[in-house]
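Asks: This is the structure I have questions about; it appears just below.
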Amino acid sequence: MLKGKVFKFGDNISTDHIVPGRLLPLRSNLPELAKHVLEDADPTFAQRVQKGDFVVAGNNFGLGSSREHAPLVIKIAGVSAILAKSVARIFFRNAINLGLPVLICNTDGINDGDELEVDLTLGEIRDLTSGVHLNFSGMPEIMLHILNEGGLIPYIKKHKDFVVSPTEK
Amino acid sequence: MGKTLAEKILSAKSNTEAQAGSIVVVPLDLVFVQDSTGPLTIRQFIETGLNTIHHPQKTVVFIDHSAPSPAKELANDHIFLRGFAREKGVVLSDIGQGVCHQLVAELWANPWDIIVGADSHTVTAGALGAFASGMGSTDIAIAMALGKTWLRVPETIKVIARGRFPDGVYAKDFILHLIGQIGADGATYKALEFSGEAITSMLMSGRLTVANMAVEAGAKVGLFPSDSITENYLRSQSRGEGYLPLHPDPDAAYESTIEIDAARLEPTVAQPHSVDNTALARELKGIKIDQVFLGTCTNGRLDDIGLAARFLKGKKRHPNTRLIIAPASQQVLLAALEAGYITTLVEAGAAIVPPGCAACLGVHQGVLGDGEKCLSTANRNFKGRMGNPNSFIYLASPATAAVTAICGEITDPREFL
Ligand code: SF4
């Protein structure tokens, strides 16, 4: 069970909002880089976020560059999951590969500052402040397996290969 | 049932009947990283403990994003990348050689290939009929180690561009128009497949521009069928043997079809701060521009530089408008020198910077000041993209860029025809 406070963002939060190119010199210094997480969307986010909190956004979260530093610094900052109406493709895969859950759901009823509870196994989101209950939509089986192993590296260490059943959707 | 281009390539490579929605595991024809995603990729590769690169000669490390290095931290990243390339025997493309996607087109991509790179604009090679898609560092680390990856076969949106482009309208205007129409998430997870007269008559340089920006609509891949233009391009790169015909089946199933009347397009500009915030160049007349940047994997090719040179010949840039030009590769630079374009552009007041990403991603060679406006031929205008969240980026064709540099304000190139 994940539990924490909501930081609400709008639509089209790009990887440049999360880790802009001007911070390229910090990319091999992740703790420093993480101090700037989401800086161009909310300059106070990095100071205020607490372990377990949620990033909640509208449509197309994480669009833009393939830089995996984006989900990585969100994870390092302590965020337990990202909830969004939709997520850009590369960002989605990157986050799951790092073991950071990305949950696709209608986030309209979730407000900044709300207390949330997320049950990953039941697929349920409960907004303790507003009382809204939501389900999140599924992801391809292989991504679920990767997430359950804690990311792609532990997955590959265990299986040595991609395990896909011929009928998998 | 018939297959789309994406289904054809992924079926052939996975030895399955791949249909939109299925998950396939496919061998890779090329895997690459660049200097901003490479260090993390290599650290993840080390973390796997796998230790060997599946196919070193099909694995490339490009140093193009911060090249030459503008900071000691980045210089250290470059040392790390060069050391890794040497140790593992993978191909190294060092500073000055050019932008990764341009070099992939020049040197590696063929129809039917599957290419993955740790850079979102890997989709560029779709112009050559390669299923090419960007991924993050961990996926690429595993791809380097195993020589394969998993993919979900995307649904396909068919884009039919009927008719011919009018004078002053180019591939860039077409793709900006399309993204403006469907939105920055209009093709998320999908393949775009291009067809129609304006596409079959489009030069390889224009196809690369269009495929490059497929990702700006969220697409996983932007695919072109292969034809005589593909074959001639490969021949011109001494890679004619890589040519293979590639066409969708006539009865392929598309998720949707978008028709665009190419003859009615006008010079188009994406306004700050999103690529789908499009307007016509003529509607933006009067917006003063501090810097024009011509280059990148979108529009830094010989045809682009030649086009700009044609507009700027015998003219000067506006005194209040800087003009920065970055050829996309060494081959482009040499050909532009040979053709006299560089002389023309320097005489017009351009600053020529070495082949590479240059000002595109905001680390060097043209970072914007507070409140400044840049008109760029790149693919992205997100807030902060060029190094300063207090600046503004407009995206347009090389022709619009050239005439804007002359006038000092956004200008429709048709005024100069
Ligand atoms: S030119 Fe710009 S968009 Fe292209 S690879 Fe370089 S940084 Fe990315």
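Convention: chains lettered A, B, ... in structure tokens order; per-chain residue numbering from 1; ligands numbered from 1 as shown.
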Could you list the protein, DNA and RNA residues that have any atom within 10 Å of ligand 1, counting only C-alpha atoms and all ligand atoms, and write them as a VMD selection string?
Replies: (chain A and resid 21 64 to 66) or (chain B and resid 34 36 64 to 66 98 to 102 118 to 122 124 212 to 213 295 to 300 326 328 355 to 363 377 to 380 385 to 386)
Asks: Show me, as a ChimeraX atom specification, the residues of chain A whose atoms get within 8 Å of chain B, using only C-alpha atoms for the distance check.
Replies: /A:14,16-17,20-28,40,60,63-68,88-91,93-94,97-98,152-154,156-157,161-162,164,166-169
Asks: For A:Leu128, please output as a VMD selection string all residues within 12 Å (counting only C-alpha atoms; exclusion window: fewer than 2 positions along the same chain).
Replies: chain A and resid 3 to 6 109 to 111 113 to 118 125 to 126 130 to 134
Asks: If you run DSSP on the backbone, which residues of stretch 175-232 of chain B are alpha helix (DSSP H), as a list in words?
Replies: Ile175, Leu176, His177, Leu178, Ile179, Gly180, Gln181, Ile182, Glu197, Ala198, Ile199, Thr200, Met204, Ser205, Gly206, Arg207, Leu208, Thr209, Val210, Ala211, Asn212, Ser228, Ile229, Thr230, Glu231 and Asn232 of chain B
Asks: Can you check which residues of stretch 134-188 of chain B DSSP gives as strand (DSSP E) on the backbone and send them as a PyMOL selection string?
Replies: chain B and resi 134+148-152+156-162
Asks: Could you name the residues that touch B:Ser228 at 12 Å or less, counting only C-alpha atoms, but leaving out those on the same chain fewer than 2 positions away, as a PyMOL selection string?
Replies: chain B and resi 128+200-204+225-226+230-236+240+243-246
